[in-house]
Amino acid sequence: MRLCVIGAGLSGLATAHALKTAGVDFVCLEQASDVGGLWRRPQAGERGPGYLSLHLNTAKHLTGYSDYPMPASYPLYPRHSQIASYLRSFAEWSGVLDRIELGTTVDSVRQEADGGWTVVSRDADGTSSSRRFTQVIVASGHNSEPSMPALPRGAETFKGTIRHSLDYRDGSEFAGQRVIVVGLGNSAVDIAADLSRHAELTVLSVRRGLHIMPKQLFGMALDEIADAPWWVSMSLAEQRRFIEQTLLIARGKLSDHGLPEPDHPVFASAVTISDEILSRIRHGAVAPKPSIDAVDGGQVSFTDGTSVKADAIVYCTGYRTTFPFLEPGCPVGAQGTVELYKRVVAPDRPGLFFAGLIRPVGSITRLVEAQARWIGRLVTGAAVLPEAEVMHKEIATYLSGVAGQYGQRESATTQVNVAPYLQELREE
């Protein structure tokens with residue numbers, strides 16, 4: 001038995017550790033020059049969904065691996081370089097480094113008629129190789145292909161620079177400039193807060209209101225709340241009422257800060273986690289504006305009729321869920337929905353698994369570890385999957401449930417609630 005794990009970031013390392021513990025032979029292919037995924041890229045100066053001001057949004061004691069806690073010297077919310085160092089030390093401690101081929105890019109993953117898998121990859125010198133595996137586990141993350149909206153009218157006349165957050169590294173690059181940040185997700189508010197310490201003017205252009213939550217409530221990290229028995233025992237309606245009333249007390253209405261109010265209840269879309277952005281707005285360091293309406297040279301106008309001169313526009317508009325090395329339709333279906341049994345198994349592709357392709361409110365680590373242990377049981381035969389028909393029924397039920405809570409947005413199809421999902425995996 002020989003497996004291929006793709007990716008050596010947080011999810012890939014958790015998977016490698018679980019497979020090694022289960023006695024499974026595997027090789028892990030990682031395109032970067034070291035382990036650590038997106039967390040190592042800012043310090044390495046590499047392109048990627050990370051920037052020099054990046055810190056954890058989840059508490060260290062719930063983000064560290066269960067068998068290997070983060071150092072006591074780390075702050076509650078470590079910075080990217082500390083996470084990268086921690087992931088490297090975990091790889092050393094768990095003894096998986098000799099199974100990882102660094103500088104190896106996966107070009108294609110194809111299932112053969114006999115059910116086996118052919119993986120074609122290139123090493124750092126560009127030499128291509130083709131290898132056969134019994135199973136493949138994709139743990140490469142899904143923040144690689146930027147999602148860019150249609151540019152506003154007149155964008156071709158803009159005299160400055162337009163980029164996606166994938167290409168943002170540090171606010172010092174924009175010292176003295178007038179910059180517009182588009183979006184209200186985690187990257188948008190992080191980047192706007194960072195820019196506001198360097199740029200002459202920082203504008204946050206927001207099309208749709210989102211719920212903004214601090215990293216802690218009542219002295220508890222959001223991760224701790226999500227896992228607390230008193231929270232889990234609440235219905236969704238009770239959870240929403242509790243959080244919305246708490247946020248109203250803690251920071252008032254978002255419209256008081258010049259931001260649009262969300263058009264949906266909390267937990268009906270991804271929430272934005274930030275301790276900084278509302279403070280930067282209150283201090284005048286970040287100016288909120290509605291959507292960009294048009295561009296005319298260096299002048300950018302907004303849908304409320306106001307305009308500003310700008311030198312740069314940074315789009316923090318997220319990423320598409322794509323795996324270019326896989327055949328179209330897996331795991332992303334025709335409607336853009338991620339279709340995996342228990343968010344892990346491709347039902348029509350026996351031997352293909354995914355680790356970390358989920359979006360919890362809170363730390364992902366415990367969930368990925370549970371996924372990896374289950375995968376280990378599946379590939380060793382200690383656990384058995386149901387028939388494909390049963391798996392498709394579970395997927396349909398899950399997608400119907402998230403659509404009812406989050407709407408029909410494509411990004412919603414990877415949302416999971418921490419405690420219930422963890423229980424599902426433990427039962428498996």
# chains A, B, ... in the order shown; residues from 1 in each chain; ligands from 1

call {"tool": "residues_around", "arguments": {"residues": "range 2-9 of chain A", "least_positions_apart": "5", "cutoff": "6 Å", "atoms": "only C-alpha atoms", "output": "VMD selection string"}}
result
chain A and resid 25 to 30 35 to 37 133 to 140

call {"tool": "write_last_selection", "arguments": {"atoms": "C-alpha atoms", "output": "PDB file, in the first residue's frame"}}
result
ATOM      1  CA  ASP A  25       3.377   3.879   3.699  1.00  0.00           C
ATOM      2  CA  PHE A  26       3.073   7.245   1.956  1.00  0.00           C
ATOM      3  CA  VAL A  27       4.902  10.059   0.246  1.00  0.00           C
ATOM      4  CA  CYS A  28       3.970  13.736   0.637  1.00  0.00           C
ATOM      5  CA  LEU A  29       4.507  16.127  -2.270  1.00  0.00           C
ATOM      6  CA  GLU A  30       5.004  19.817  -1.460  1.00  0.00           C
ATOM      7  CA  VAL A  35       6.818  22.738   5.043  1.00  0.00           C
ATOM      8  CA  GLY A  36       4.342  25.180   6.579  1.00  0.00           C
ATOM      9  CA  GLY A  37       1.966  26.140   3.783  1.00  0.00           C
ATOM     10  CA  PHE A 133      -0.514   5.062  -5.936  1.00  0.00           C
ATOM     11  CA  THR A 134      -3.355   3.141  -4.362  1.00  0.00           C
ATOM     12  CA  GLN A 135      -4.890   6.274  -2.806  1.00  0.00           C
ATOM     13  CA  VAL A 136      -4.443  10.036  -2.977  1.00  0.00           C
ATOM     14  CA  ILE A 137      -5.135  12.526  -0.195  1.00  0.00           C
ATOM     15  CA  VAL A 138      -5.431  16.174  -1.234  1.00  0.00           C
ATOM     16  CA  ALA A 139      -4.396  18.489   1.599  1.00  0.00           C
ATOM     17  CA  SER A 140      -3.128  21.418  -0.434  1.00  0.00           C
TER      18      SER A 140
END

call {"tool": "residues_around", "arguments": {"residues": "Gly404 in chain A", "least_positions_apart": "5", "cutoff": "10 Å", "atoms": "only C-alpha atoms", "output": "ChimeraX atom specification"}}
result
/A:268,398-399

call {"tool": "select_by_dssp", "arguments": {"residues": "range 6-134 of chain A", "states": "helix (DSSP H, G or I)", "output": "VMD selection string"}}
result
chain A and resid 10 to 21 37 to 39 41 to 44 60 to 63 80 to 94 97 to 99

call {"tool": "residues_around", "arguments": {"residues": "Asp296 in chain A", "least_positions_apart": "3", "cutoff": "8 Å", "atoms": "only C-alpha atoms", "output": "compact mmCIF listing (two decimals) with N, CA, C and O atoms, in the first residue's frame"}}
result
# COMPACT_ATOMS: atom_id res chain seq x y z
N GLY A 154 -14.38 52.19 -16.41
CA GLY A 154 -13.24 53.09 -16.52
C GLY A 154 -11.96 52.57 -15.88
O GLY A 154 -10.96 53.29 -15.84
N ALA A 155 -11.97 51.32 -15.41
CA ALA A 155 -10.77 50.79 -14.74
C ALA A 155 -9.55 50.81 -15.63
O ALA A 155 -8.41 50.94 -15.14
N THR A 157 -8.54 53.09 -17.37
CA THR A 157 -7.90 54.41 -17.35
C THR A 157 -7.14 54.66 -16.05
O THR A 157 -6.48 55.70 -15.92
N PHE A 158 -7.23 53.73 -15.10
CA PHE A 158 -6.62 53.96 -13.78
C PHE A 158 -5.11 54.07 -13.91
O PHE A 158 -4.45 53.22 -14.53
N GLN A 299 -8.98 59.22 -10.35
CA GLN A 299 -10.13 59.53 -9.50
C GLN A 299 -11.07 58.32 -9.45
O GLN A 299 -11.47 57.78 -10.48
N VAL A 300 -11.42 57.92 -8.23
CA VAL A 300 -12.31 56.78 -8.04
C VAL A 300 -13.58 57.27 -7.36
O VAL A 300 -13.53 57.89 -6.29

call {"tool": "residues_around", "arguments": {"residues": "range 215-223 of chain A", "least_positions_apart": "6", "cutoff": "10 Å", "atoms": "only C-alpha atoms", "output": "PDB file with all heavy atoms, in the first residue's frame"}}
result
ATOM      1  N   LEU A  56      -2.621  34.631  13.760  1.00  0.00           N
ATOM      2  CA  LEU A  56      -3.741  33.714  13.929  1.00  0.00           C
ATOM      3  C   LEU A  56      -4.990  34.476  14.359  1.00  0.00           C
ATOM      4  O   LEU A  56      -4.898  35.437  15.126  1.00  0.00           O
ATOM      5  CB  LEU A  56      -3.429  32.677  15.009  1.00  0.00           C
ATOM      6  CG  LEU A  56      -2.756  31.357  14.639  1.00  0.00           C
ATOM      7  CD1 LEU A  56      -2.677  30.476  15.879  1.00  0.00           C
ATOM      8  CD2 LEU A  56      -3.480  30.631  13.527  1.00  0.00           C
ATOM      9  N   ASN A  57      -6.123  34.029  13.893  1.00  0.00           N
ATOM     10  CA  ASN A  57      -7.404  34.506  14.408  1.00  0.00           C
ATOM     11  C   ASN A  57      -7.990  33.528  15.416  1.00  0.00           C
ATOM     12  O   ASN A  57      -9.045  33.792  15.998  1.00  0.00           O
ATOM     13  CB  ASN A  57      -8.418  34.694  13.265  1.00  0.00           C
ATOM     14  CG  ASN A  57      -8.299  36.068  12.640  1.00  0.00           C
ATOM     15  OD1 ASN A  57      -7.727  36.980  13.227  1.00  0.00           O
ATOM     16  ND2 ASN A  57      -8.839  36.223  11.451  1.00  0.00           N
ATOM     17  N   THR A  58      -7.319  32.387  15.589  1.00  0.00           N
ATOM     18  CA  THR A  58      -7.793  31.359  16.503  1.00  0.00           C
ATOM     19  C   THR A  58      -6.758  31.159  17.606  1.00  0.00           C
ATOM     20  O   THR A  58      -5.563  31.373  17.405  1.00  0.00           O
ATOM     21  CB  THR A  58      -8.025  30.040  15.753  1.00  0.00           C
ATOM     22  OG1 THR A  58      -6.830  29.690  15.026  1.00  0.00           O
ATOM     23  CG2 THR A  58      -9.173  30.169  14.773  1.00  0.00           C
ATOM     24  N   ALA A  59      -7.222  30.761  18.784  1.00  0.00           N
ATOM     25  CA  ALA A  59      -6.347  30.647  19.951  1.00  0.00           C
ATOM     26  C   ALA A  59      -5.304  29.548  19.754  1.00  0.00           C
ATOM     27  O   ALA A  59      -5.588  28.486  19.205  1.00  0.00           O
ATOM     28  CB  ALA A  59      -7.176  30.360  21.191  1.00  0.00           C
ATOM     29  N   LYS A  60      -4.090  29.815  20.247  1.00  0.00           N
ATOM     30  CA  LYS A  60      -2.978  28.889  19.996  1.00  0.00           C
ATOM     31  C   LYS A  60      -3.231  27.506  20.585  1.00  0.00           C
ATOM     32  O   LYS A  60      -2.863  26.494  19.985  1.00  0.00           O
ATOM     33  CB  LYS A  60      -1.679  29.459  20.555  1.00  0.00           C
ATOM     34  CG  LYS A  60      -1.602  29.502  22.073  1.00  0.00           C
ATOM     35  CD  LYS A  60      -0.203  29.816  22.570  1.00  0.00           C
ATOM     36  CE  LYS A  60      -0.137  29.774  24.095  1.00  0.00           C
ATOM     37  NZ  LYS A  60       1.227  30.049  24.581  1.00  0.00           N
ATOM     38  N   HIS A  61      -3.870  27.428  21.772  1.00  0.00           N
ATOM     39  CA  HIS A  61      -4.034  26.127  22.416  1.00  0.00           C
ATOM     40  C   HIS A  61      -5.082  25.267  21.716  1.00  0.00           C
ATOM     41  O   HIS A  61      -5.139  24.055  21.942  1.00  0.00           O
ATOM     42  CB  HIS A  61      -4.387  26.288  23.897  1.00  0.00           C
ATOM     43  CG  HIS A  61      -5.580  27.146  24.159  1.00  0.00           C
ATOM     44  ND1 HIS A  61      -5.550  28.522  24.056  1.00  0.00           N
ATOM     45  CD2 HIS A  61      -6.858  26.831  24.511  1.00  0.00           C
ATOM     46  CE1 HIS A  61      -6.744  29.015  24.345  1.00  0.00           C
ATOM     47  NE2 HIS A  61      -7.553  28.017  24.610  1.00  0.00           N
ATOM     48  N   LEU A  62      -5.896  25.881  20.849  1.00  0.00           N
ATOM     49  CA  LEU A  62      -6.859  25.110  20.071  1.00  0.00           C
ATOM     50  C   LEU A  62      -6.430  24.964  18.617  1.00  0.00           C
ATOM     51  O   LEU A  62      -7.046  24.220  17.855  1.00  0.00           O
ATOM     52  CB  LEU A  62      -8.238  25.769  20.140  1.00  0.00           C
ATOM     53  CG  LEU A  62      -8.911  25.728  21.519  1.00  0.00           C
ATOM     54  CD1 LEU A  62     -10.196  26.529  21.513  1.00  0.00           C
ATOM     55  CD2 LEU A  62      -9.160  24.301  21.955  1.00  0.00           C
ATOM     56  N   THR A  63      -5.377  25.676  18.225  1.00  0.00           N
ATOM     57  CA  THR A  63      -4.868  25.601  16.857  1.00  0.00           C
ATOM     58  C   THR A  63      -3.672  24.674  16.761  1.00  0.00           C
ATOM     59  O   THR A  63      -3.374  24.137  15.695  1.00  0.00           O
ATOM     60  CB  THR A  63      -4.493  27.005  16.346  1.00  0.00           C
ATOM     61  OG1 THR A  63      -5.596  27.888  16.553  1.00  0.00           O
ATOM     62  CG2 THR A  63      -4.150  26.998  14.867  1.00  0.00           C
ATOM     63  N   LEU A  76      -1.204  34.396  22.698  1.00  0.00           N
ATOM     64  CA  LEU A  76      -2.456  33.696  22.427  1.00  0.00           C
ATOM     65  C   LEU A  76      -2.733  33.622  20.930  1.00  0.00           C
ATOM     66  O   LEU A  76      -3.248  32.617  20.431  1.00  0.00           O
ATOM     67  CB  LEU A  76      -3.608  34.410  23.140  1.00  0.00           C
ATOM     68  CG  LEU A  76      -4.988  33.763  23.014  1.00  0.00           C
ATOM     69  CD1 LEU A  76      -4.984  32.344  23.578  1.00  0.00           C
ATOM     70  CD2 LEU A  76      -6.045  34.614  23.721  1.00  0.00           C
ATOM     71  N   TYR A  77      -2.364  34.697  20.199  1.00  0.00           N
ATOM     72  CA  TYR A  77      -2.565  34.735  18.749  1.00  0.00           C
ATOM     73  C   TYR A  77      -1.214  34.974  18.072  1.00  0.00           C
ATOM     74  O   TYR A  77      -0.833  36.116  17.795  1.00  0.00           O
ATOM     75  CB  TYR A  77      -3.566  35.840  18.377  1.00  0.00           C
ATOM     76  CG  TYR A  77      -4.923  35.649  19.008  1.00  0.00           C
ATOM     77  CD1 TYR A  77      -5.320  36.412  20.103  1.00  0.00           C
ATOM     78  CD2 TYR A  77      -5.804  34.687  18.527  1.00  0.00           C
ATOM     79  CE1 TYR A  77      -6.562  36.225  20.691  1.00  0.00           C
ATOM     80  CE2 TYR A  77      -7.045  34.491  19.118  1.00  0.00           C
ATOM     81  CZ  TYR A  77      -7.413  35.261  20.197  1.00  0.00           C
ATOM     82  OH  TYR A  77      -8.639  35.072  20.785  1.00  0.00           O
ATOM     83  N   ILE A 243     -25.263  36.033  20.300  1.00  0.00           N
ATOM     84  CA  ILE A 243     -24.118  36.718  19.701  1.00  0.00           C
ATOM     85  C   ILE A 243     -24.503  38.119  19.231  1.00  0.00           C
ATOM     86  O   ILE A 243     -23.765  39.089  19.448  1.00  0.00           O
ATOM     87  CB  ILE A 243     -23.539  35.904  18.527  1.00  0.00           C
ATOM     88  CG1 ILE A 243     -22.857  34.638  19.054  1.00  0.00           C
ATOM     89  CG2 ILE A 243     -22.543  36.732  17.720  1.00  0.00           C
ATOM     90  CD1 ILE A 243     -21.639  34.880  19.928  1.00  0.00           C
ATOM     91  N   THR A 246     -24.784  40.370  22.160  1.00  0.00           N
ATOM     92  CA  THR A 246     -23.451  40.605  22.718  1.00  0.00           C
ATOM     93  C   THR A 246     -22.673  41.604  21.878  1.00  0.00           C
ATOM     94  O   THR A 246     -22.017  42.515  22.407  1.00  0.00           O
ATOM     95  CB  THR A 246     -22.675  39.281  22.815  1.00  0.00           C
ATOM     96  OG1 THR A 246     -23.391  38.371  23.647  1.00  0.00           O
ATOM     97  CG2 THR A 246     -21.293  39.501  23.398  1.00  0.00           C
ATOM     98  N   LEU A 247     -22.730  41.459  20.553  1.00  0.00           N
ATOM     99  CA  LEU A 247     -22.017  42.377  19.669  1.00  0.00           C
ATOM    100  C   LEU A 247     -22.593  43.788  19.766  1.00  0.00           C
ATOM    101  O   LEU A 247     -21.845  44.779  19.713  1.00  0.00           O
ATOM    102  CB  LEU A 247     -22.090  41.883  18.223  1.00  0.00           C
ATOM    103  CG  LEU A 247     -21.319  40.595  17.914  1.00  0.00           C
ATOM    104  CD1 LEU A 247     -21.540  40.176  16.471  1.00  0.00           C
ATOM    105  CD2 LEU A 247     -19.834  40.773  18.192  1.00  0.00           C
ATOM    106  N   ALA A 250     -21.094  45.222  22.811  1.00  0.00           N
ATOM    107  CA  ALA A 250     -19.640  45.381  22.740  1.00  0.00           C
ATOM    108  C   ALA A 250     -19.204  46.497  21.804  1.00  0.00           C
ATOM    109  O   ALA A 250     -18.247  47.221  22.101  1.00  0.00           O
ATOM    110  CB  ALA A 250     -18.997  44.060  22.302  1.00  0.00           C
ATOM    111  N   THR A 272     -16.488  37.968   9.983  1.00  0.00           N
ATOM    112  CA  THR A 272     -15.174  38.595   9.924  1.00  0.00           C
ATOM    113  C   THR A 272     -14.666  38.776  11.349  1.00  0.00           C
ATOM    114  O   THR A 272     -15.379  39.292  12.206  1.00  0.00           O
ATOM    115  CB  THR A 272     -15.254  39.951   9.209  1.00  0.00           C
ATOM    116  OG1 THR A 272     -15.668  39.734   7.861  1.00  0.00           O
ATOM    117  CG2 THR A 272     -13.911  40.653   9.211  1.00  0.00           C
ATOM    118  N   ILE A 273     -13.444  38.346  11.588  1.00  0.00           N
ATOM    119  CA  ILE A 273     -12.874  38.415  12.932  1.00  0.00           C
ATOM    120  C   ILE A 273     -11.765  39.463  12.954  1.00  0.00           C
ATOM    121  O   ILE A 273     -10.792  39.359  12.206  1.00  0.00           O
ATOM    122  CB  ILE A 273     -12.334  37.043  13.356  1.00  0.00           C
ATOM    123  CG1 ILE A 273     -13.466  36.005  13.356  1.00  0.00           C
ATOM    124  CG2 ILE A 273     -11.691  37.113  14.738  1.00  0.00           C
ATOM    125  CD1 ILE A 273     -13.012  34.594  13.627  1.00  0.00           C
ATOM    126  N   SER A 274     -11.933  40.470  13.789  1.00  0.00           N
ATOM    127  CA  SER A 274     -10.936  41.539  13.865  1.00  0.00           C
ATOM    128  C   SER A 274     -11.079  42.306  15.170  1.00  0.00           C
ATOM    129  O   SER A 274     -12.183  42.688  15.557  1.00  0.00           O
ATOM    130  CB  SER A 274     -11.097  42.502  12.681  1.00  0.00           C
ATOM    131  OG  SER A 274     -10.212  43.603  12.815  1.00  0.00           O
ATOM    132  N   ASP A 275      -9.960  42.532  15.825  1.00  0.00           N
ATOM    133  CA  ASP A 275      -9.922  43.410  16.998  1.00  0.00           C
ATOM    134  C   ASP A 275      -9.570  44.835  16.607  1.00  0.00           C
ATOM    135  O   ASP A 275      -9.647  45.735  17.445  1.00  0.00           O
ATOM    136  CB  ASP A 275      -8.875  42.912  17.997  1.00  0.00           C
ATOM    137  CG  ASP A 275      -9.310  41.675  18.753  1.00  0.00           C
ATOM    138  OD1 ASP A 275     -10.534  41.431  18.821  1.00  0.00           O
ATOM    139  OD2 ASP A 275      -8.442  40.950  19.277  1.00  0.00           O
ATOM    140  N   GLU A 276      -9.182  45.038  15.340  1.00  0.00           N
ATOM    141  CA  GLU A 276      -8.588  46.316  14.945  1.00  0.00           C
ATOM    142  C   GLU A 276      -9.451  47.216  14.085  1.00  0.00           C
ATOM    143  O   GLU A 276      -9.444  48.428  14.251  1.00  0.00           O
ATOM    144  CB  GLU A 276      -7.274  46.051  14.187  1.00  0.00           C
ATOM    145  CG  GLU A 276      -6.069  45.850  15.053  1.00  0.00           C
ATOM    146  CD  GLU A 276      -4.802  46.094  14.256  1.00  0.00           C
ATOM    147  OE1 GLU A 276      -4.492  45.266  13.381  1.00  0.00           O
ATOM    148  OE2 GLU A 276      -4.147  47.122  14.498  1.00  0.00           O
ATOM    149  N   PRO A 360     -14.625  26.153   9.318  1.00  0.00           N
ATOM    150  CA  PRO A 360     -15.311  26.259  10.606  1.00  0.00           C
ATOM    151  C   PRO A 360     -15.236  27.686  11.142  1.00  0.00           C
ATOM    152  O   PRO A 360     -14.408  28.482  10.704  1.00  0.00           O
ATOM    153  CB  PRO A 360     -14.495  25.322  11.498  1.00  0.00           C
ATOM    154  CG  PRO A 360     -13.098  25.433  10.945  1.00  0.00           C
ATOM    155  CD  PRO A 360     -13.251  25.644   9.449  1.00  0.00           C
ATOM    156  N   VAL A 361     -16.122  28.013  12.081  1.00  0.00           N
ATOM    157  CA  VAL A 361     -15.954  29.240  12.857  1.00  0.00           C
ATOM    158  C   VAL A 361     -15.098  28.849  14.051  1.00  0.00           C
ATOM    159  O   VAL A 361     -15.584  28.340  15.055  1.00  0.00           O
ATOM    160  CB  VAL A 361     -17.308  29.818  13.317  1.00  0.00           C
ATOM    161  CG1 VAL A 361     -17.082  31.053  14.185  1.00  0.00           C
ATOM    162  CG2 VAL A 361     -18.170  30.171  12.117  1.00  0.00           C
ATOM    163  N   GLY A 362     -13.810  29.039  13.928  1.00  0.00           N
ATOM    164  CA  GLY A 362     -12.871  28.580  14.939  1.00  0.00           C
ATOM    165  C   GLY A 362     -11.726  27.829  14.285  1.00  0.00           C
ATOM    166  O   GLY A 362     -11.590  27.787  13.062  1.00  0.00           O
ATOM    167  N   SER A 363     -10.903  27.212  15.108  1.00  0.00           N
ATOM    168  CA  SER A 363      -9.721  26.520  14.625  1.00  0.00           C
ATOM    169  C   SER A 363     -10.083  25.293  13.809  1.00  0.00           C
ATOM    170  O   SER A 363     -11.014  24.552  14.130  1.00  0.00           O
ATOM    171  CB  SER A 363      -8.835  26.115  15.809  1.00  0.00           C
ATOM    172  OG  SER A 363      -7.786  25.270  15.374  1.00  0.00           O
ATOM    173  N   ILE A 364      -9.296  25.054  12.777  1.00  0.00           N
ATOM    174  CA  ILE A 364      -9.527  23.907  11.892  1.00  0.00           C
ATOM    175  C   ILE A 364      -8.764  22.667  12.349  1.00  0.00           C
ATOM    176  O   ILE A 364      -9.070  21.555  11.947  1.00  0.00           O
ATOM    177  CB  ILE A 364      -9.090  24.282  10.452  1.00  0.00           C
ATOM    178  CG1 ILE A 364      -9.657  23.290   9.439  1.00  0.00           C
ATOM    179  CG2 ILE A 364      -7.557  24.348  10.338  1.00  0.00           C
ATOM    180  CD1 ILE A 364      -9.374  23.678   7.999  1.00  0.00           C
ATOM    181  N   VAL A 418     -18.329  23.358  14.412  1.00  0.00           N
ATOM    182  CA  VAL A 418     -17.205  22.626  15.008  1.00  0.00           C
ATOM    183  C   VAL A 418     -17.645  21.399  15.805  1.00  0.00           C
ATOM    184  O   VAL A 418     -17.258  20.261  15.483  1.00  0.00           O
ATOM    185  CB  VAL A 418     -16.366  23.564  15.900  1.00  0.00           C
ATOM    186  CG1 VAL A 418     -15.278  22.772  16.633  1.00  0.00           C
ATOM    187  CG2 VAL A 418     -15.715  24.653  15.056  1.00  0.00           C
TER     188      VAL A 418
END

call {"tool": "select_by_dssp", "arguments": {"residues": "range 232-383 of chain A", "states": "strand (DSSP E or B)", "output": "PyMOL selection string"}}
result
chain A and resi 262+272-273+287-289+292-296+299-302+307-309+312-315+319-320+332+338+341+345+352-354+359-360

call {"tool": "closest_residue", "arguments": {"among": "A:Lys20, A:Gly351, A:Pro75, A:Thr365", "to": "Asp98 in chain A", "atoms": "only C-alpha atoms"}}
result
A:Lys20

call {"tool": "closest_residue", "arguments": {"among": "A:Arg169, A:Lys309, A:Arg359, A:Arg409", "to": "His142 in chain A", "atoms": "only C-alpha atoms"}}
result
A:Arg359

call {"tool": "closest_residue", "arguments": {"among": "A:Gln177, A:Thr105, A:Thr322, A:Ser187", "to": "Ser53 in chain A", "atoms": "only C-alpha atoms"}}
result
A:Ser187

call {"tool": "residues_around", "arguments": {"residues": "Arg240 in chain A", "least_positions_apart": "3", "cutoff": "10 Å", "atoms": "only C-alpha atoms", "output": "list in words"}}
result
Met234, Ser235, Leu236, Ala237, Ile243, Glu244, Gln245, Thr246, Pro265, Val266, Phe267 and Ala268 of chain A

call {"tool": "write_last_selection", "arguments": {"atoms": "N, CA, C and O atoms", "output": "mmCIF file, in the first residue's frame"}}
result
data_model
loop_
_atom_site.group_PDB
_atom_site.id
_atom_site.type_symbol
_atom_site.label_atom_id
_atom_site.label_comp_id
_atom_site.auth_asym_id
_atom_site.auth_seq_id
_atom_site.Cartn_x
_atom_site.Cartn_y
_atom_site.Cartn_z
ATOM 1 N N MET A 234 -27.259 25.167 22.795
ATOM 2 C CA MET A 234 -28.206 26.143 22.274
ATOM 3 C C MET A 234 -28.667 25.762 20.870
ATOM 4 O O MET A 234 -27.925 25.149 20.095
ATOM 5 N N SER A 235 -29.863 26.169 20.525
ATOM 6 C CA SER A 235 -30.320 26.064 19.137
ATOM 7 C C SER A 235 -29.644 27.159 18.323
ATOM 8 O O SER A 235 -29.081 28.112 18.887
ATOM 9 N N LEU A 236 -29.685 27.041 16.987
ATOM 10 C CA LEU A 236 -29.103 28.067 16.134
ATOM 11 C C LEU A 236 -29.736 29.424 16.402
ATOM 12 O O LEU A 236 -29.036 30.449 16.468
ATOM 13 N N ALA A 237 -31.049 29.461 16.579
ATOM 14 C CA ALA A 237 -31.731 30.726 16.854
ATOM 15 C C ALA A 237 -31.239 31.342 18.164
ATOM 16 O O ALA A 237 -31.034 32.563 18.257
ATOM 17 N N ILE A 243 -25.263 36.033 20.300
ATOM 18 C CA ILE A 243 -24.118 36.718 19.701
ATOM 19 C C ILE A 243 -24.503 38.119 19.231
ATOM 20 O O ILE A 243 -23.765 39.089 19.448
ATOM 21 N N GLU A 244 -25.647 38.263 18.592
ATOM 22 C CA GLU A 244 -26.048 39.579 18.081
ATOM 23 C C GLU A 244 -26.265 40.576 19.212
ATOM 24 O O GLU A 244 -25.869 41.743 19.103
ATOM 25 N N GLN A 245 -26.838 40.128 20.320
ATOM 26 C CA GLN A 245 -27.010 41.028 21.458
ATOM 27 C C GLN A 245 -25.671 41.366 22.099
ATOM 28 O O GLN A 245 -25.431 42.511 22.496
ATOM 29 N N THR A 246 -24.784 40.370 22.160
ATOM 30 C CA THR A 246 -23.451 40.605 22.718
ATOM 31 C C THR A 246 -22.673 41.604 21.878
ATOM 32 O O THR A 246 -22.017 42.515 22.407
ATOM 33 N N PRO A 265 -28.727 37.319 9.222
ATOM 34 C CA PRO A 265 -28.377 37.085 10.621
ATOM 35 C C PRO A 265 -26.973 36.508 10.751
ATOM 36 O O PRO A 265 -26.403 35.995 9.776
ATOM 37 N N VAL A 266 -26.403 36.613 11.928
ATOM 38 C CA VAL A 266 -25.075 36.051 12.160
ATOM 39 C C VAL A 266 -25.116 34.539 11.931
ATOM 40 O O VAL A 266 -26.141 33.886 12.159
ATOM 41 N N PHE A 267 -24.022 33.991 11.417
ATOM 42 C CA PHE A 267 -23.883 32.578 11.061
ATOM 43 C C PHE A 267 -24.726 32.183 9.866
ATOM 44 O O PHE A 267 -24.973 30.999 9.622
ATOM 45 N N ALA A 268 -25.169 33.187 9.084
ATOM 46 C CA ALA A 268 -25.797 32.893 7.799
ATOM 47 C C ALA A 268 -24.815 33.193 6.677
ATOM 48 O O ALA A 268 -25.156 33.095 5.501
#

call {"tool": "closest_residue", "arguments": {"among": "A:Phe325, A:Trp374, A:Tyr315, A:Tyr421", "to": "Val109 in chain A", "atoms": "only C-alpha atoms"}}
result
A:Phe325

call {"tool": "closest_residue", "arguments": {"among": "A:Gln423, A:Ser11, A:Gln31, A:Gln111", "to": "Asp227 in chain A", "atoms": "only C-alpha atoms"}}
result
A:Gln423

call {"tool": "atom_distance", "arguments": {"atom1": "CA of His164 in chain A", "atom2": "CA of Cys330 in chain A"}}
result
26.1 Å

call {"tool": "atom_distance", "arguments": {"atom1": "CA of Asp190 in chain A", "atom2": "CA of Phe242 in chain A"}}
result
25.9 Å

call {"tool": "atom_distance", "arguments": {"atom1": "CA of Ala44 in chain A", "atom2": "CA of Ala175 in chain A"}}
result
21.6 Å

call {"tool": "residues_around", "arguments": {"residues": "Tyr341 in chain A", "least_positions_apart": "3", "cutoff": "6 Å", "atoms": "only C-alpha atoms", "output": "short mmCIF file (atom, residue, chain, number, x, y, z; two decimals) with N, CA, C and O atoms, in the first residue's frame"}}
result
data_model
loop_
_atom_site.label_atom_id
_atom_site.label_comp_id
_atom_site.auth_asym_id
_atom_site.auth_seq_id
_atom_site.Cartn_x
_atom_site.Cartn_y
_atom_site.Cartn_z
N VAL A 344 -14.98 14.76 3.22
CA VAL A 344 -13.67 14.11 3.08
C VAL A 344 -13.58 13.24 1.84
O VAL A 344 -12.58 13.27 1.10
N VAL A 345 -14.61 12.45 1.55
CA VAL A 345 -14.52 11.35 0.58
C VAL A 345 -15.22 11.73 -0.73
O VAL A 345 -16.37 12.18 -0.72
N MET A 391 -23.65 7.62 0.28
CA MET A 391 -22.78 8.80 0.40
C MET A 391 -23.37 10.00 -0.33
O MET A 391 -23.35 11.12 0.17
N ILE A 395 -24.45 13.69 1.22
CA ILE A 395 -23.97 14.95 0.63
C ILE A 395 -25.16 15.86 0.33
O ILE A 395 -25.13 17.06 0.63
#

call {"tool": "closest_residue", "arguments": {"among": "A:His283, A:Asp348, A:Val120, A:Thr303", "to": "Glu389 in chain A", "atoms": "only C-alpha atoms"}}
result
A:Asp348
